[in-house]
Structures are given as structure tokens and as C-alpha cells.
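Have a look at the structure below before the remarks.
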Amino acid sequence: MDDPARRPRVVIIGGGFAGLSAARALARAPVDVLIIDRTNHHVFQPLLYQVATTALAPSDISAPIRWILRRQKNVATRLGSVQAIDRTTRTLRLAEDDAPVPYDYLVVASGARHAYFGHPEWEAVAPGLKSLEDARRIRRRILLALERAEWEADAAERDAQMTFVIVGGGPTGVELAGVLPEMCRGAFRPDFRRIDTSKVRVVLVEGGPRLLPSFPPSLSARAAHDLARLRVEVRTSTFVTDVDADGVSMGAERIAARSVFWAAGNAASALSRLLGAPLDAAGRVLARSDLSLPDDDRVFVAGDIAAMPWTEGTFVPGVAPAATQMGQRAARNIRARIAGEPTTPFRYVNTGELATIGRHMAVASLAGGRIRIAGYVAWVFWLFLHIMYLVGFRNRVSVLLQWAYNYIFYERGVRLISEAEDAVRG
Ligand SMILES: Cc1cc2nc3c(=O)[nH]c(=O)nc-3n(C[C@H](O)[C@H](O)[C@H](O)COP(=O)(O)OP(=O)(O)OC[C@H]3O[C@@H](n4cnc5c(N)ncnc54)[C@H](O)[C@@H]3O)c2cc1C
């Protein structure tokens with residue numbers, strides 16, 4: 001039984017799209033909210049590839065969670081990594097503190113990680129892109145590869161340093177593959193004397209028959225065409241069979257590459273397995289239609305960690321608008337439970353899909369694929385949408401202008417190699 005003398009405690013795990021939107025949707029509710037994240041910042045993941053390729057600085061696409069929620073008086077923020085969830089005692093445990101954290105209602109919104117198709121050892125040599133740390137690691141590898149190539153006497157080794165393989169032809173892989181050659185041809189070129197950075201080789205490998213499998217086929221074809229114009233080698237229907245520090249194998253074919261980046265496959269955050277709820281093959285929680293666990297009215301899931309049925313035989317995609325909508329729905333259903341009212345099923349409103357190809361082209365599938373745009377117009381649309389979002393969470397026009405300046409003119413400071421030594425080769 002809840003103590004009627006105190007306000008219900010709602011704990012939200014994760015300050016990503018789902019967690020933040022849940023917290024905001026509880027702004028006027030008679031509850032005390034605690035949002036816990038293992039980092040102190042929210043990251044705008046759709047622009048991570050820009051950080052990885054030195055187009056933007058980490059601070060351009062992230063902001064402290066505490067700062068974002070500073071005006072919402074019923075929210076407290078805690079830096080901590082959740083390690084255990086006990087639904088019987090309604091408590092959490094953090095890695096950093098032995099004291100249990102109690103909740104009356106819980107929203108688990110801890111997102112997803114990369115999946116390496118049963119080869120976790122590939123992660124060390126082929127980093128994926130989910131966090132600012134991942135983006136910095138990839139950026140560092142790109143910059144070090146070019147530094148090494150500049151002074152490499154052996155031609156084969158120089159070529160391997162200047163070869164970048166990206167595994168996975170979804171939006172992240174396409175965006176990384178598109179912007180890399182542009183950076184090398186544009187911003188990097190005048191800085192080097194011995195190598196011609198415009199000669200970098202970028203290979204994009206996709207296991208399925210086409211790029212951007214969730215887009216209409218015509219836009220997949222357009223993306224492949226635009227990437228070919230940027231001299232990206234696109235390999236579809238091709239499976240990676242091995243990855244090591246020297247390159248990638250695809251069956252009998254081997255590409256010598258010192259930089260391999262992973263953009264294929266997602267698995268739910270490890271917290272899904274702590275809930276004791278049914279999971280799908282990707283480890284996502286199979287929740288009830290109102291986002292609560294099948295056997296627990298007080299625990300909700302939202303965002304990439306949740307597997308919610310969508311159209312026949314498919315699940316709601318792991319995209320930012322879906323996570324935001326789920327966070328809002330989970331929060332509203334908590335309010336309903338507290339008020340003793342019925343909860344409402346989650347319904348995904350599909351706002352469309354966008355992917356950029358380099359810095360001036362994009363493809364967009366809107367209104368369930370009925371509206372399709374490609375090329376420069378789609379890119380301007382992409383830019384407008386992202387600027388609108390960043391305005392919302394960065395909240396200062398001056399910061400926005402600086403962001404736009406960095407984006408258009410390539411900020412040099414982002415090309416500093418300053419992080420600690422990377423575990424593998426760089
Ligand atoms: C590179 C990339 C590009 C993308 N591009 C697009 C795009 O163009 N358009 C689009 O709509 N979507 C895009 N997405 C998908 C979109 O970003 C995700 O669907 C969305 O971020 C999911 O939101 P979430 O809140 O579920 O998880 P996240 O945003 O991942 O947030 C999860 C939070 O939980 C925290 N956390 C995890 N585990 C713990 C723990 N144990 N304890 C405490 N905190 C924890 C994490 O630190 C993180 O802050 C992209 C994703 C990536 C990775």
C-alpha cells in the first residue's frame with residue numbers, strides 16, 4: 001500500500017528521448033520524479049555520426065540532463081548506473097552506492113546497445129556508435145589513421161590506413177559512409193602534404209539486398225546512387241564473416257582496413273534482462289499495450305528497450321519519435337494509475353524517416369512512405385528538423401548559431417586528438 005501522506009515516487013532510468021519525455025510529461029503531476037542516468041548528459045543520437053566524423057563537437061549535440069530539467073521543480077536528477085531492480089521490494093541498486101533507491105512507479109528507458117551477431121569480440125576492433133564516447137573513439141581512429149598514413153613508407157600499409165569499412169547499411173551506416181569522403185576531400189585535404197586524403201577508400205557493407213531497408217525501395221536506390229557519386233563502394237547482400245585489427249573478411253574476400261566501424265544490429269539495454277519479463281530476440285521487453293509489464297502495474301518500459309507491436313508482424317521502430325511518444329504515454333498511464341483511472345494503449349504516430357548522404361543530400365520517407373523526397377530539398381528539410389530539435393533542448397540562439405557555423409565551416413578544434421590511448425590501435 002502507498003503511504004497517502006507522501007507523494008508517489010516515480011523513478012525513471014535513462015535520460016534519453018524516452019526518459020526525458022516521461023519526466024516532462026509528469027511536470028504537473030502530484031509526484032516526485034527521480035531520473036537516473038549513468039552519464040550526466042542527454043545525447044542527440046541522430047547527430048552522433050557528425051561528431052564521429054569531426055563535423056561537430058560533442059557539446060554541440062548534448063546537454064546535461066540536470067540542466068535540461070532545471071525548471072521542473074518536481075524532478076531530481078541522479079548520476080548512477082542501475083545494476084539491479086527488485087520488483088518485490090520496489091527498489092533499485094546503483095553501482096556507485098549500496099543504499100537501495102525506492103520507487104512507487106518505475107519507467108525503464110535505458111535504450112539499446114550494438115549487437116555483433118554472436119561475435120562480441122568484434123566490438124573491440126569495430127566500434128559501434130551509440131554514445132559520445134563511441135563517437136570520440138571513432139573520431140580518434142579516423143584522425144590517427146590519416147596521421148599514420150601521412151608518414152607510412154609502405155604503400156600497402158598506407159592504403160590500409162586510408163581504407164574505412166562500415167558494416168551495416170541502415171541510416172547510421174549510410175550517414176557515416178556519406179560524410180567520411182566529404183570530410184576527407186574537403187576539410188582534411190589542405191592539412192596534409194604527403195597523402196591525398198581525397199583518395200580514401202570507403203566501403204559500406206550491408207547483409208540485405210538493399211541499403212536503408214526500412215525506406216521505400218526507390219529511396220534505397222537513390223541512396224546507393226548518391227553514395228556512388230561520393231565514390232563510396234556499396235556492397236549489398238554481403239555478410240561480414242570476420243573482423244580483426246587488420247581488416248574485414250566477407251567469405252573469401254578480404255579488405256585490409258585499419259578502421260572498421262559497426263552500424264549493424266541492436267540489442268536492448270542489459271537492464272531488460274533484470275526485469276524478469278518476456279523478451280523478444282533482440283532482448284526487448286514484450287510489454288502490455290499500455291507499456292507496463294505483463295505482471296506488474298507499476299513498472300513501465302519506453303523507447304528502444306520496449307518491443308511494441310506495430311503493423312502486422314512488425315514492431316515499432318527504434319527511432320527518436322517513437323521513444324518520445326512512448327515516454328509520454330508511460331507517464332500519462334502512471335498518472336492514470338495514481339488517479340485510479342484506466343490506462344490507454346500506446347499508439348505509434350509515424351512521423352517518417354530521414355537519412356542524410358553527405359552534407360548536402362538526404363532521403364526522406366514521410367506520411368507512411370506516401371511522400372518521398374530526395375536530394376538537396378530533403379537535406380534542407382533534415383537540417384530544419386534537427387535545428388528545431390536542438391533549439392528545443394539547447395535553448396539559446398547564440399549556441400544554435402555557433403552550431404550552424406561549426407556545421408557549415410568545419411570547426412578545426414574538433415580535429416584535435418586528445419583522448420587517452422584507445423584500447424586497440426589508436
Ligand atoms: C547513431 C544513431 C543515429 C540515429 N539516428 C536517428 C535518426 O536519424 N532519427 C531517429 O528518429 N532516430 C535515430 N536514432 C535512434 C534514436 O536515437 C533512438 O531510437 C533513441 O535514442 C531511443 O531513445 P531511448 O530513450 O530509448 O534510449 P537512449 O536515447 O539511448 O537513452 C538511454 C539512456 O539510458 C541510459 N542508461 C542505459 N543504461 C543505464 C543504466 N544501467 N543505468 C542508468 N542509465 C542507463 C543511457 O546513458 C542513456 O542516456 C539513431 C540512433 C543512433 C545510435
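Residue names in the C-alpha cells use chain letters A, B, ... in the order shown, residue numbers from 1 in each chain, and ligand numbers from 1 in the order shown.
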
Assign secondary structure with DSSP using the backbone only, and return the residues of region 215-244 of chain A in strand (DSSP E or B) as number ranges by chain. A: 232-235, 242-244

Serialized selection, N, CA and C atoms, as a PDB file, in the first residue's frame:
ATOM      1  N   VAL A 232      31.746   6.050 -52.721  1.00  0.00           N
ATOM      2  CA  VAL A 232      31.660   5.017 -51.677  1.00  0.00           C
ATOM      3  C   VAL A 232      31.358   3.699 -52.374  1.00  0.00           C
ATOM      4  N   GLU A 233      32.120   2.644 -52.011  1.00  0.00           N
ATOM      5  CA  GLU A 233      31.840   1.321 -52.581  1.00  0.00           C
ATOM      6  C   GLU A 233      30.756   0.659 -51.746  1.00  0.00           C
ATOM      7  N   VAL A 234      29.625   0.408 -52.345  1.00  0.00           N
ATOM      8  CA  VAL A 234      28.497  -0.191 -51.617  1.00  0.00           C
ATOM      9  C   VAL A 234      28.425  -1.678 -51.956  1.00  0.00           C
ATOM     10  N   ARG A 235      28.450  -2.524 -50.925  1.00  0.00           N
ATOM     11  CA  ARG A 235      28.306  -3.985 -51.137  1.00  0.00           C
ATOM     12  C   ARG A 235      27.040  -4.444 -50.440  1.00  0.00           C
ATOM     13  N   ASP A 242      34.329 -12.165 -40.690  1.00  0.00           N
ATOM     14  CA  ASP A 242      35.340 -11.990 -39.650  1.00  0.00           C
ATOM     15  C   ASP A 242      35.807 -10.533 -39.644  1.00  0.00           C
ATOM     16  N   VAL A 243      36.127 -10.068 -38.446  1.00  0.00           N
ATOM     17  CA  VAL A 243      36.693  -8.718 -38.309  1.00  0.00           C
ATOM     18  C   VAL A 243      37.858  -8.833 -37.343  1.00  0.00           C
ATOM     19  N   ASP A 244      38.994  -8.283 -37.719  1.00  0.00           N
ATOM     20  CA  ASP A 244      40.104  -8.209 -36.766  1.00  0.00           C
ATOM     21  C   ASP A 244      40.797  -6.867 -36.953  1.00  0.00           C
TER      22      ASP A 244
END

Tell me, counting only C-alpha atoms and all ligand atoms, for each residue of chain A within 7 Å of ligand 1, which pair of atoms is nearest and how far apart they are in Å to one decimal, in rows ordered by chain and increasing number, as a Markdown table.
| residue | atom | partner | partner_atom_place_in_ligand_line | distance |
| --- | --- | --- | --- | --- |
| A:Ile13 | CA | ligand 1 | 44 (N) | 5.5 |
| A:Gly14 | CA | ligand 1 | 34 (O) | 3.3 |
| A:Gly15 | CA | ligand 1 | 49 (O) | 4.5 |
| A:Gly16 | CA | ligand 1 | 31 (O) | 3.2 |
| A:Phe17 | CA | ligand 1 | 25 (O) | 3.8 |
| A:Ala18 | CA | ligand 1 | 25 (O) | 3.7 |
| A:Gly19 | CA | ligand 1 | 25 (O) | 5.5 |
| A:Ile36 | CA | ligand 1 | 43 (C) | 5.6 |
| A:Asp37 | CA | ligand 1 | 44 (N) | 3.5 |
| A:Arg38 | CA | ligand 1 | 43 (C) | 4.1 |
| A:Thr39 | CA | ligand 1 | 47 (O) | 5.2 |
| A:His41 | CA | ligand 1 | 49 (O) | 6.8 |
| A:His42 | CA | ligand 1 | 49 (O) | 5.7 |
| A:Val43 | CA | ligand 1 | 29 (O) | 6.8 |
| A:Phe44 | CA | ligand 1 | 17 (O) | 6.7 |
| A:Gln45 | CA | ligand 1 | 17 (O) | 4.4 |
| A:Pro46 | CA | ligand 1 | 5 (N) | 3.4 |
| A:Leu47 | CA | ligand 1 | 3 (C) | 6.5 |
| A:Leu48 | CA | ligand 1 | 1 (C) | 5.3 |
| A:Tyr49 | CA | ligand 1 | 1 (C) | 5.9 |
| A:Gly80 | CA | ligand 1 | 43 (C) | 5.8 |
| A:Ser81 | CA | ligand 1 | 42 (N) | 3.6 |
| A:Val82 | CA | ligand 1 | 42 (N) | 3.9 |
| A:Gln83 | CA | ligand 1 | 41 (N) | 5.8 |
| A:Ala109 | CA | ligand 1 | 26 (O) | 5.3 |
| A:Ser110 | CA | ligand 1 | 34 (O) | 3.4 |
| A:Gly111 | CA | ligand 1 | 27 (O) | 3.4 |
| A:Ala112 | CA | ligand 1 | 30 (O) | 5.8 |
| A:Leu129 | CA | ligand 1 | 1 (C) | 5.1 |
| A:Lys130 | CA | ligand 1 | 53 (C) | 4.1 |
| A:Pro171 | CA | ligand 1 | 5 (N) | 6.6 |
| A:Thr172 | CA | ligand 1 | 3 (C) | 5.1 |
| A:Ser269 | CA | ligand 1 | 38 (N) | 6.0 |
| A:Leu271 | CA | ligand 1 | 41 (N) | 6.1 |
| A:Ala302 | CA | ligand 1 | 26 (O) | 6.2 |
| A:Gly303 | CA | ligand 1 | 26 (O) | 3.3 |
| A:Asp304 | CA | ligand 1 | 26 (O) | 3.9 |
| A:Ile305 | CA | ligand 1 | 26 (O) | 6.0 |
| A:Gly318 | CA | ligand 1 | 19 (O) | 4.1 |
| A:Val319 | CA | ligand 1 | 19 (O) | 3.3 |
| A:Ala320 | CA | ligand 1 | 11 (O) | 3.8 |
| A:Pro321 | CA | ligand 1 | 11 (O) | 5.5 |
| A:Ala323 | CA | ligand 1 | 23 (O) | 4.9 |
| A:Glu353 | CA | ligand 1 | 9 (N) | 6.8 |
| A:Leu354 | CA | ligand 1 | 8 (O) | 6.1 |
| A:Ala355 | CA | ligand 1 | 8 (O) | 6.1 |

I'd like the contact shell of region 357-368 of chain A - 8 Å cut-off, only C-alpha atoms, skipping same-chain residues fewer than 6 positions apart - returned as an NGL selection string. :A and (174-175 or 177-180 or 182 or 215-216 or 219 or 222-223 or 226-227 or 350-351 or 374-380 or 382)

Atom pair CA of Leu106 (chain A) / CA of Val11 (chain A): separation (Å):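 Rounded to one decimal, the two atoms are 4.9 Å apart.
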
Just list the residues in region 208-386 of chain A DSSP gives alpha helix (DSSP H) on the backbone, as number ranges by chain. A: 217-229, 320-339, 376-386

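Comparing A:Met326, A:Ala277, A:Leu230, A:Ala25 by their smallest distance to Arg347 (chain A), the closest is A:Met326 (using only C-alpha atoms).
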
Could you list, as a list in words, every residue within 12 Å of Arg189 (chain A), counting only C-alpha atoms and ignoring same-chain residues fewer than 4 positions away? Leu146, Glu150, Pro181, Glu182, Met183, Cys184, Arg185, Arg193, Arg194, Ile195, Asp196, Thr197, Ser198, Lys199 and Val200 of chain A

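Minimum atom-to-atom distance to Asp86 (chain A), evaluated using only C-alpha atoms, belongs to A:Leu275 out of A:Ala23, A:Leu275, A:Gly186, A:Gly170.
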